[in-house]
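Undergrad: Input file: my_file_33.pdb. Contents: PDB, C-alpha atoms and all ligand atoms.
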```pdb
MODEL        1
ATOM      1  CA  MET A1405       1.522 182.564  99.844
ATOM      2  CA  ALA A1406       5.236 183.021  99.226
ATOM      3  CA  LEU A1407       7.494 183.339  96.219
ATOM      4  CA  LEU A1408       9.953 180.763  94.924
ATOM      5  CA  VAL A1409      12.650 183.452  95.084
ATOM      6  CA  LYS A1410      13.990 184.925  98.359
ATOM      7  CA  HIS A1411      15.138 188.168  96.721
ATOM      8  CA  MET A1412      13.985 190.181  93.713
ATOM      9  CA  LEU A1413      17.297 190.695  91.920
ATOM     10  CA  GLY A1414      16.176 190.457  88.295
ATOM     11  CA  LEU A1415      13.554 188.809  86.102
ATOM     12  CA  GLU A1416      16.089 186.592  84.328
ATOM     13  CA  GLN A1417      15.971 184.118  87.234
ATOM     14  CA  VAL A1418      12.277 184.507  88.109
ATOM     15  CA  GLU A1419       9.696 181.884  87.074
ATOM     16  CA  ARG A1420       6.443 182.805  85.359
ATOM     17  CA  GLU A1421       4.594 181.459  88.400
ATOM     18  CA  ASP A1422       6.237 184.087  90.661
ATOM     19  CA  ILE A1423       5.451 186.876  88.178
ATOM     20  CA  GLU A1424       1.796 185.813  88.237
ATOM     21  CA  THR A1425       1.730 185.727  92.056
ATOM     22  CA  ILE A1426       3.221 189.242  92.236
ATOM     23  CA  LEU A1427       0.790 190.681  89.656
ATOM     24  CA  ASP A1428      -2.224 189.025  91.314
ATOM     25  CA  THR A1429      -1.154 190.244  94.760
ATOM     26  CA  ALA A1430      -0.613 193.766  93.385
ATOM     27  CA  ALA A1431      -4.127 193.695  91.900
ATOM     28  CA  SER A1432      -5.604 192.856  95.290
ATOM     29  CA  LEU A1433      -3.542 195.524  97.117
ATOM     30  CA  GLN A1434      -4.261 198.344  94.657
ATOM     31  CA  GLU A1435      -7.569 199.185  96.291
ATOM     32  CA  ILE A1436      -5.768 200.342  99.485
ATOM     33  CA  SER A1437      -4.492 203.417  97.623
ATOM     34  CA  TYR A1438      -8.096 204.563  97.050
ATOM     35  CA  ARG A1439      -9.180 204.384 100.695
ATOM     36  CA  PRO A1440      -9.532 207.562 102.747
ATOM     37  CA  VAL A1441      -7.042 206.024 105.203
ATOM     38  CA  LYS A1442      -4.372 204.524 102.950
ATOM     39  CA  LYS A1443      -2.787 202.145 105.415
ATOM     40  CA  VAL A1444      -3.008 198.491 106.439
ATOM     41  CA  PRO A1445      -1.072 196.904 109.320
ATOM     42  CA  THR A1446       0.523 194.102 107.224
ATOM     43  CA  LEU A1447       4.185 195.122 107.782
ATOM     44  CA  ARG A1448       3.792 196.737 111.199
ATOM     45  CA  GLY A1449       7.026 196.372 113.167
ATOM     46  CA  LYS A1450       9.087 195.693 110.012
ATOM     47  CA  THR A1451      11.921 197.998 108.948
ATOM     48  CA  GLN A1452      12.453 198.727 105.258
ATOM     49  CA  VAL A1453      15.693 200.446 104.281
ATOM     50  CA  ASN A1454      15.886 202.108 100.859
ATOM     51  CA  LEU A1455      19.547 202.301  99.805
ATOM     52  CA  PHE A1456      19.844 204.629  96.824
ATOM     53  CA  PHE A1457      23.365 205.093  95.491
ATOM     54  CA  GLU A1458      22.051 206.672  92.249
ATOM     55  CA  PRO A1459      19.514 209.459  91.701
ATOM     56  CA  SER A1460      15.851 208.484  91.589
ATOM     57  CA  THR A1461      12.542 210.284  91.847
ATOM     58  CA  ARG A1462       9.743 207.883  90.954
ATOM     59  CA  THR A1463      11.263 204.640  92.116
ATOM     60  CA  ARG A1464      12.422 205.807  95.548
ATOM     61  CA  THR A1465       9.182 207.676  96.282
ATOM     62  CA  SER A1466       7.147 204.719  95.078
ATOM     63  CA  PHE A1467       9.015 202.266  97.349
ATOM     64  CA  GLU A1468       8.641 204.656 100.279
ATOM     65  CA  ILE A1469       4.904 205.089  99.756
ATOM     66  CA  ALA A1470       4.465 201.338  99.243
ATOM     67  CA  GLY A1471       6.221 200.535 102.527
ATOM     68  CA  LYS A1472       4.286 203.203 104.440
ATOM     69  CA  ARG A1473       0.915 202.012 103.102
ATOM     70  CA  LEU A1474       1.778 198.612 104.578
ATOM     71  CA  SER A1475       2.823 200.255 107.917
ATOM     72  CA  ALA A1476       6.529 199.379 107.623
ATOM     73  CA  ASP A1477       9.038 201.795 109.161
ATOM     74  CA  VAL A1478      10.783 203.161 106.085
ATOM     75  CA  VAL A1479      14.295 204.584 106.267
ATOM     76  CA  ASN A1480      15.875 206.309 103.269
ATOM     77  CA  PHE A1481      19.610 206.200 102.783
ATOM     78  CA  THR A1482      21.048 208.294  99.952
ATOM     79  CA  ALA A1483      24.633 208.004  98.814
ATOM     80  CA  SER A1484      25.571 211.675  98.868
ATOM     81  CA  ALA A1485      24.619 211.938 102.528
ATOM     82  CA  SER A1486      26.392 208.719 103.533
ATOM     83  CA  SER A1487      29.848 207.494 104.476
ATOM     84  CA  LEU A1488      30.355 206.360 100.884
ATOM     85  CA  SER A1489      31.599 209.863 100.172
ATOM     86  CA  LYS A1490      34.172 209.177 102.936
ATOM     87  CA  GLY A1491      35.511 206.070 101.191
ATOM     88  CA  GLU A1492      33.518 203.241 102.794
ATOM     89  CA  THR A1493      32.947 200.198 100.552
ATOM     90  CA  LEU A1494      29.473 198.997  99.580
ATOM     91  CA  ALA A1495      29.978 195.777 101.538
ATOM     92  CA  ASP A1496      30.962 197.679 104.720
ATOM     93  CA  THR A1497      28.046 200.099 104.404
ATOM     94  CA  ALA A1498      25.712 197.147 103.971
ATOM     95  CA  ARG A1499      27.106 195.161 106.921
ATOM     96  CA  ASN A1500      26.735 198.214 109.151
ATOM     97  CA  LEU A1501      23.177 198.779 108.043
ATOM     98  CA  TRP A1502      22.411 195.119 108.531
ATOM     99  CA  ALA A1503      23.651 195.290 112.109
ATOM    100  CA  MET A1504      20.648 197.581 112.703
ATOM    101  CA  ARG A1505      18.383 194.608 111.773
ATOM    102  CA  PRO A1506      16.326 195.798 108.817
ATOM    103  CA  ASP A1507      13.732 193.314 107.512
ATOM    104  CA  ILE A1508      14.073 194.216 103.838
ATOM    105  CA  LEU A1509      16.516 196.255 101.738
ATOM    106  CA  VAL A1510      15.743 198.088  98.494
ATOM    107  CA  VAL A1511      18.918 198.859  96.537
ATOM    108  CA  ARG A1512      19.728 201.071  93.555
ATOM    109  CA  HIS A1513      23.356 201.219  92.423
ATOM    110  CA  SER A1514      25.274 202.270  89.310
ATOM    111  CA  ALA A1515      27.234 198.983  89.302
ATOM    112  CA  ALA A1516      25.571 195.959  87.707
ATOM    113  CA  GLY A1517      25.464 193.143  90.276
ATOM    114  CA  ALA A1518      25.585 195.349  93.411
ATOM    115  CA  PRO A1519      22.273 194.000  94.794
ATOM    116  CA  HIS A1520      23.443 190.430  94.041
ATOM    117  CA  LEU A1521      26.579 191.036  96.122
ATOM    118  CA  LEU A1522      24.458 192.297  99.015
ATOM    119  CA  ALA A1523      22.175 189.266  98.737
ATOM    120  CA  LYS A1524      25.234 187.033  99.162
ATOM    121  CA  LEU A1525      26.554 188.969 102.154
ATOM    122  CA  LEU A1526      23.359 189.637 104.068
ATOM    123  CA  ASP A1527      20.652 187.425 105.421
ATOM    124  CA  THR A1528      17.744 189.707 104.522
ATOM    125  CA  PRO A1529      15.539 189.963 101.406
ATOM    126  CA  ILE A1530      16.936 192.379  98.809
ATOM    127  CA  ILE A1531      14.957 194.148  96.076
ATOM    128  CA  ASN A1532      16.910 195.483  93.119
ATOM    129  CA  ALA A1533      15.654 198.997  92.306
ATOM    130  CA  GLY A1534      17.999 199.255  89.293
ATOM    131  CA  ASP A1535      21.628 198.073  88.977
ATOM    132  CA  GLY A1536      23.654 199.857  86.291
ATOM    133  CA  ALA A1537      22.499 198.862  82.820
ATOM    134  CA  HIS A1538      21.622 195.364  84.054
ATOM    135  CA  GLU A1539      18.076 194.972  85.451
ATOM    136  CA  HIS A1540      15.224 196.954  86.964
ATOM    137  CA  PRO A1541      12.754 194.196  87.812
ATOM    138  CA  THR A1542      10.138 196.242  89.652
ATOM    139  CA  GLN A1543       9.834 198.586  86.653
ATOM    140  CA  ALA A1544       9.164 195.607  84.357
ATOM    141  CA  LEU A1545       6.665 194.152  86.852
ATOM    142  CA  LEU A1546       4.742 197.419  86.993
ATOM    143  CA  ASP A1547       4.863 197.646  83.200
ATOM    144  CA  MET A1548       3.438 194.128  82.887
ATOM    145  CA  PHE A1549       0.816 194.966  85.525
ATOM    146  CA  THR A1550      -0.257 198.061  83.553
ATOM    147  CA  VAL A1551      -0.530 196.129  80.283
ATOM    148  CA  ARG A1552      -2.386 193.239  81.920
ATOM    149  CA  GLU A1553      -4.909 195.649  83.470
ATOM    150  CA  LYS A1554      -5.579 197.299  80.079
ATOM    151  CA  LYS A1555      -5.439 194.258  77.788
ATOM    152  CA  ARG A1556      -6.562 191.579  80.274
ATOM    153  CA  LYS A1557      -3.683 189.368  79.076
ATOM    154  CA  LEU A1558       0.036 189.409  78.247
ATOM    155  CA  SER A1559       0.359 186.278  76.170
ATOM    156  CA  GLY A1560       0.299 186.814  72.407
ATOM    157  CA  LEU A1561       0.831 190.587  72.572
ATOM    158  CA  LYS A1562       3.468 192.362  70.488
ATOM    159  CA  VAL A1563       5.571 194.675  72.659
ATOM    160  CA  VAL A1564       7.945 197.149  70.973
ATOM    161  CA  ILE A1565      10.679 198.683  73.151
ATOM    162  CA  ALA A1566      12.357 201.601  71.380
ATOM    163  CA  GLY A1567      15.305 203.844  72.146
ATOM    164  CA  ASP A1568      18.542 203.471  74.066
ATOM    165  CA  ILE A1569      18.390 199.707  74.543
ATOM    166  CA  ALA A1570      22.135 199.415  75.172
ATOM    167  CA  HIS A1571      22.077 201.367  78.442
ATOM    168  CA  SER A1572      18.626 200.336  79.597
ATOM    169  CA  ARG A1573      18.037 198.084  82.589
ATOM    170  CA  VAL A1574      14.320 198.682  81.964
ATOM    171  CA  ALA A1575      14.632 197.104  78.495
ATOM    172  CA  ARG A1576      16.471 194.049  79.837
ATOM    173  CA  SER A1577      13.989 193.324  82.593
ATOM    174  CA  ASN A1578      11.058 193.872  80.248
ATOM    175  CA  ILE A1579      12.497 191.552  77.594
ATOM    176  CA  TYR A1580      12.825 188.769  80.201
ATOM    177  CA  GLY A1581       9.478 189.493  81.826
ATOM    178  CA  PHE A1582       7.223 189.913  78.791
ATOM    179  CA  SER A1583       8.862 186.949  76.986
ATOM    180  CA  LYS A1584       8.282 184.698  80.011
ATOM    181  CA  MET A1585       4.624 185.732  79.990
ATOM    182  CA  GLY A1586       4.269 184.728  76.327
ATOM    183  CA  ALA A1587       4.477 188.145  74.626
ATOM    184  CA  GLU A1588       6.580 188.805  71.520
ATOM    185  CA  VAL A1589       9.187 191.496  72.232
ATOM    186  CA  TRP A1590      10.823 193.704  69.593
ATOM    187  CA  VAL A1591      13.600 196.216  70.222
ATOM    188  CA  VAL A1592      14.054 199.230  67.950
ATOM    189  CA  GLY A1593      16.759 201.902  67.778
ATOM    190  CA  PRO A1594      19.880 202.938  65.910
ATOM    191  CA  PRO A1595      22.356 200.023  65.568
ATOM    192  CA  THR A1596      24.795 201.761  67.957
ATOM    193  CA  LEU A1597      22.187 201.694  70.740
ATOM    194  CA  ILE A1598      21.226 198.033  70.305
ATOM    195  CA  PRO A1599      23.650 195.619  71.972
ATOM    196  CA  PRO A1600      24.857 192.759  69.775
ATOM    197  CA  GLY A1601      23.377 189.396  70.723
ATOM    198  CA  ILE A1602      20.177 190.846  72.220
ATOM    199  CA  GLU A1603      18.251 188.246  70.164
ATOM    200  CA  ARG A1604      19.602 185.610  72.551
ATOM    201  CA  MET A1605      17.544 187.230  75.312
ATOM    202  CA  GLY A1606      14.454 186.531  73.222
ATOM    203  CA  ALA A1607      13.953 189.873  71.409
ATOM    204  CA  ARG A1608      13.515 190.597  67.682
ATOM    205  CA  VAL A1609      15.507 193.568  66.371
ATOM    206  CA  SER A1610      14.485 196.352  63.965
ATOM    207  CA  TYR A1611      16.240 199.601  63.107
ATOM    208  CA  ARG A1612      13.076 201.360  61.918
ATOM    209  CA  LEU A1613      10.058 202.306  64.010
ATOM    210  CA  GLU A1614       7.886 202.230  60.868
ATOM    211  CA  GLU A1615       8.633 198.537  60.473
ATOM    212  CA  ALA A1616       7.900 197.540  64.070
ATOM    213  CA  ILE A1617       4.973 199.675  65.270
ATOM    214  CA  PRO A1618       2.047 199.103  62.850
ATOM    215  CA  ASP A1619       0.923 195.833  64.481
ATOM    216  CA  ALA A1620       2.232 196.572  67.987
ATOM    217  CA  ASP A1621      -0.061 196.266  71.008
ATOM    218  CA  VAL A1622       2.379 198.120  73.250
ATOM    219  CA  ILE A1623       5.075 200.692  72.424
ATOM    220  CA  MET A1624       7.511 201.465  75.206
ATOM    221  CA  MET A1625       9.761 204.461  74.587
ATOM    222  CA  LEU A1626      13.066 204.806  76.436
ATOM    223  CA  ARG A1627      15.157 207.843  77.255
ATOM    224  CA  ILE A1628      18.610 208.358  75.770
ATOM    225  CA  GLN A1629      20.863 207.842  78.792
ATOM    226  CA  LEU A1630      23.304 210.687  78.206
ATOM    227  CA  GLU A1631      24.747 210.183  81.699
ATOM    228  CA  ARG A1632      25.880 206.676  80.610
ATOM    229  CA  GLY A1633      27.622 208.003  77.496
ATOM    230  CA  ALA A1634      24.879 207.404  74.914
ATOM    231  CA  GLY A1635      25.350 210.868  73.390
ATOM    232  CA  SER A1636      28.448 209.799  71.460
ATOM    233  CA  LEU A1637      26.572 206.964  69.708
ATOM    234  CA  PHE A1638      24.397 209.017  67.315
ATOM    235  CA  PRO A1639      24.859 212.337  65.475
ATOM    236  CA  SER A1640      22.527 214.692  67.400
ATOM    237  CA  LEU A1641      19.406 214.675  69.554
ATOM    238  CA  ARG A1642      17.571 216.544  66.781
ATOM    239  CA  GLU A1643      18.353 213.858  64.227
ATOM    240  CA  TYR A1644      17.521 211.144  66.765
ATOM    241  CA  ALA A1645      14.106 212.745  67.364
ATOM    242  CA  ILE A1646      13.409 212.839  63.620
ATOM    243  CA  ARG A1647      14.354 209.180  63.029
ATOM    244  CA  PHE A1648      13.305 207.511  66.297
ATOM    245  CA  GLY A1649      10.916 209.857  68.091
ATOM    246  CA  LEU A1650       7.319 208.757  68.637
ATOM    247  CA  ASN A1651       5.255 211.635  67.193
ATOM    248  CA  PRO A1652       1.658 212.073  65.968
ATOM    249  CA  ALA A1653       2.600 211.133  62.368
ATOM    250  CA  ARG A1654       4.021 207.794  63.527
ATOM    251  CA  MET A1655       1.030 207.208  65.815
ATOM    252  CA  ARG A1656      -1.161 207.241  62.691
ATOM    253  CA  LEU A1657       0.549 204.004  61.608
ATOM    254  CA  CYS A1658      -0.479 202.258  64.824
ATOM    255  CA  LYS A1659      -3.412 200.105  65.900
ATOM    256  CA  PRO A1660      -6.295 202.123  67.429
ATOM    257  CA  ASP A1661      -5.917 200.368  70.788
ATOM    258  CA  VAL A1662      -2.122 200.569  71.086
ATOM    259  CA  LEU A1663      -0.690 201.470  74.518
ATOM    260  CA  VAL A1664       2.144 204.010  74.703
ATOM    261  CA  MET A1665       4.421 203.580  77.714
ATOM    262  CA  HIS A1666       7.518 205.247  79.161
ATOM    263  CA  PRO A1667       9.300 204.481  82.451
ATOM    264  CA  GLY A1668      10.229 208.165  82.933
ATOM    265  CA  PRO A1669      11.949 210.504  83.130
ATOM    266  CA  ILE A1670      10.670 211.692  79.735
ATOM    267  CA  ASN A1671      12.735 213.882  77.450
ATOM    268  CA  ARG A1672       9.870 215.643  75.687
ATOM    269  CA  GLY A1673      10.578 216.289  72.050
ATOM    270  CA  VAL A1674      13.394 213.715  71.900
ATOM    271  CA  GLU A1675      12.142 210.108  72.157
ATOM    272  CA  ILE A1676       8.497 211.131  72.513
ATOM    273  CA  SER A1677       6.611 214.256  71.482
ATOM    274  CA  PRO A1678       4.465 216.041  74.094
ATOM    275  CA  GLU A1679       1.266 215.333  72.077
ATOM    276  CA  VAL A1680       1.944 211.596  72.306
ATOM    277  CA  ALA A1681       3.138 211.580  75.933
ATOM    278  CA  ASP A1682      -0.040 213.405  77.015
ATOM    279  CA  GLY A1683      -2.304 211.902  74.349
ATOM    280  CA  PRO A1684      -5.076 209.299  74.383
ATOM    281  CA  TYR A1685      -2.840 206.233  73.903
ATOM    282  CA  SER A1686      -0.503 207.117  76.760
ATOM    283  CA  VAL A1687      -0.628 205.024  79.950
ATOM    284  CA  ILE A1688       2.459 206.659  81.439
ATOM    285  CA  LEU A1689       0.732 207.823  84.630
ATOM    286  CA  ASP A1690      -1.025 204.461  84.989
ATOM    287  CA  GLN A1691       2.474 202.965  85.124
ATOM    288  CA  VAL A1692       3.417 205.258  88.004
ATOM    289  CA  GLU A1693       0.216 204.320  89.811
ATOM    290  CA  ALA A1694       0.840 200.609  89.255
ATOM    291  CA  GLY A1695       4.332 201.036  90.723
ATOM    292  CA  VAL A1696       2.988 201.529  94.232
ATOM    293  CA  ALA A1697       0.760 198.423  94.110
ATOM    294  CA  VAL A1698       3.474 196.217  92.598
ATOM    295  CA  ARG A1699       6.046 197.335  95.179
ATOM    296  CA  MET A1700       3.550 196.787  98.008
ATOM    297  CA  ALA A1701       3.051 193.247  96.681
ATOM    298  CA  LEU A1702       6.772 192.527  96.561
ATOM    299  CA  LEU A1703       7.505 193.970 100.006
ATOM    300  CA  TYR A1704       4.682 191.892 101.438
ATOM    301  CA  LEU A1705       5.560 188.654  99.627
ATOM    302  CA  LEU A1706       9.303 188.808 100.365
ATOM    303  CA  CYS A1707       8.793 189.706 104.035
ATOM    304  CA  ALA A1708       6.237 186.885 104.364
ATOM    305  CA  GLY A1709       8.736 184.482 102.730
ATOM    306  CA  ALA A1710      11.479 185.505 105.162
ATOM    307  CA  GLU A1711       9.100 184.916 108.063
ATOM    308  CA  HIS A1712       8.277 181.370 106.874
ATOM    309  CA  GLU A1713      11.965 180.680 106.684
ATOM    310  CA  ASP A1714      12.530 181.866 110.262
ATOM    311  CA  THR A1715       9.668 179.665 111.468
ATOM    312  CA  ASP A1716      11.039 176.674 109.547
ATOM    313  CA  GLN A1717      14.458 177.195 111.112
ATOM    314  CA  GLY A1718      12.809 177.479 114.527
ATOM    315  CA  ARG A1719      11.226 174.048 114.013
ATOM    316  CA  THR A1720      14.389 172.186 113.044
TER
HETATM  317  C1  LIG B   1      14.575 204.358  84.624
HETATM  318  C2  LIG B   1      15.790 203.974  85.392
HETATM  319  O1  LIG B   1      16.219 204.655  86.318
HETATM  320  O2  LIG B   1      16.311 202.926  85.066
HETATM  321  N1  LIG B   1      13.654 205.144  85.307
HETATM  322  C3  LIG B   1      12.869 204.625  86.300
HETATM  323  O3  LIG B   1      13.275 203.868  87.140
HETATM  324  N2  LIG B   1      11.565 204.976  86.273
HETATM  325  C4  LIG B   1      14.850 204.770  83.240
HETATM  326  C5  LIG B   1      15.676 205.994  82.973
HETATM  327  O4  LIG B   1      16.412 206.486  83.825
HETATM  328  O5  LIG B   1      15.589 206.465  81.835
ENDMDL
END
```
Go through the file and emit its structure as structure tokens.

TA:
Amino acid sequence: MALLVKHMLGLEQVEREDIETILDTAASLQEISYRPVKKVPTLRGKTQVNLFFEPSTRTRTSFEIAGKRLSADVVNFTASASSLSKGETLADTARNLWAMRPDILVVRHSAAGAPHLLAKLLDTPIINAGDGAHEHPTQALLDMFTVREKKRKLSGLKVVIAGDIAHSRVARSNIYGFSKMGAEVWVVGPPTLIPPGIERMGARVSYRLEEAIPDADVIMMLRIQLERGAGSLFPSLREYAIRFGLNPARMRLCKPDVLVMHPGPINRGVEISPEVADGPYSVILDQVEAGVAVRMALLYLLCAGAEHEDTDQGRT
């Protein structure tokens, strides 16, 4: 079993068939995390390098655990501790790392397109762990996995993504992913945080939570990305929380089986109130759990694909 794609750069270019393969593989690998010995030999002898040029807690840890559960040798490279602070370019850093023969690279970078550049330069599978405000495909895959586990389907569901859409790579990847799987995606937020033309990606737009959430099957709340300048695009966090925060009063408008999601990190009391984040509709920790299984699936499938390619080349 291999994927049609050689790299996981974003869901815009990925076919529905590949998404299904990844979710099915993740479902079969999830059980490993419940064993007393959480390790299988699948990627023994493979080297996975995690290249994180931007801060990350969940995503980096999740990739590291995923690689280790498959017995890969996992090396973490963080920007502050690297030669980048000495002026080395991304391409030079990558070429040097590649000379050490890794089998797979996981990349997070503040510049949109950084993982795509590496995929052009290097002959090794690349996984995008978030590039600027562009895409974060593994987050969307784990979100779809979580919803599919709870609802047993994705097609026909109404998914509302609310908050700082403009700066969110999570929103972009989820719009592509859920739409490809047949769900209807809505984005909600103040007009200044919704990029013009987002409808062309397949999303419906609303500026009021009250309009979008009553028939939603899934509500995904996003953080205001103050570090990307979002703070200047609305009057105050307090006013934002009043108009766009998901709180118990708004939850009363929702369907009884709605799922509340958040990619983290949460800003409690801003986009989501603590009662909702920790409440009965929340699947936020299920998302984190799904992250390990989905990343195990991708590491396995992309490494297996690269191996087929080597064998094919050996034959010709
Ligand atoms: C997100 C990210 O980094 O894009 N978090 C994550 O990966 N779980 C969202 C965010 O930073 O708000």

Undergrad: Restricting the calculation to all atoms listed in the file, which member of A:Gly1534, A:Pro1599, A:Pro1660, A:Gly1633 is positioned closest to ligand LIG 1 (chain B)?

TA: A:Gly1534

Undergrad: Tell me, in Å to one decimal, how far CA of Leu1558 in chain A is from CA of Gly1586 in chain A.

TA: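 Computing the Euclidean distance for CA of Leu1558 in chain A and CA of Gly1586 in chain A yields 6.6 Å.
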
Undergrad: Hey, could you pull the box centre and edge lengths for range 1433-1441 of chain A, axis-aligned, 6 Å padding per side, all listed atoms, to one decimal in Å, as lines of an AutoDock Vina configuration file?

TA:
```
center_x = -6.5
center_y = 201.5
center_z = 99.9
size_x = 18.0
size_y = 24.0
size_z = 22.5
```

Undergrad: May I ask for the distance between CA of Glu1679 in chain A and CA of His1540 in chain A, given in Å to one decimal place?

TA: 27.5 Å

Undergrad: Residues contacting ligand LIG 1 (chain B) - anything with an atom at most 6 Å away, using all atoms listed in the file - can you give me those as number ranges by chain?

TA: A: 1462-1463, 1534, 1573-1574, 1627, 1667-1669
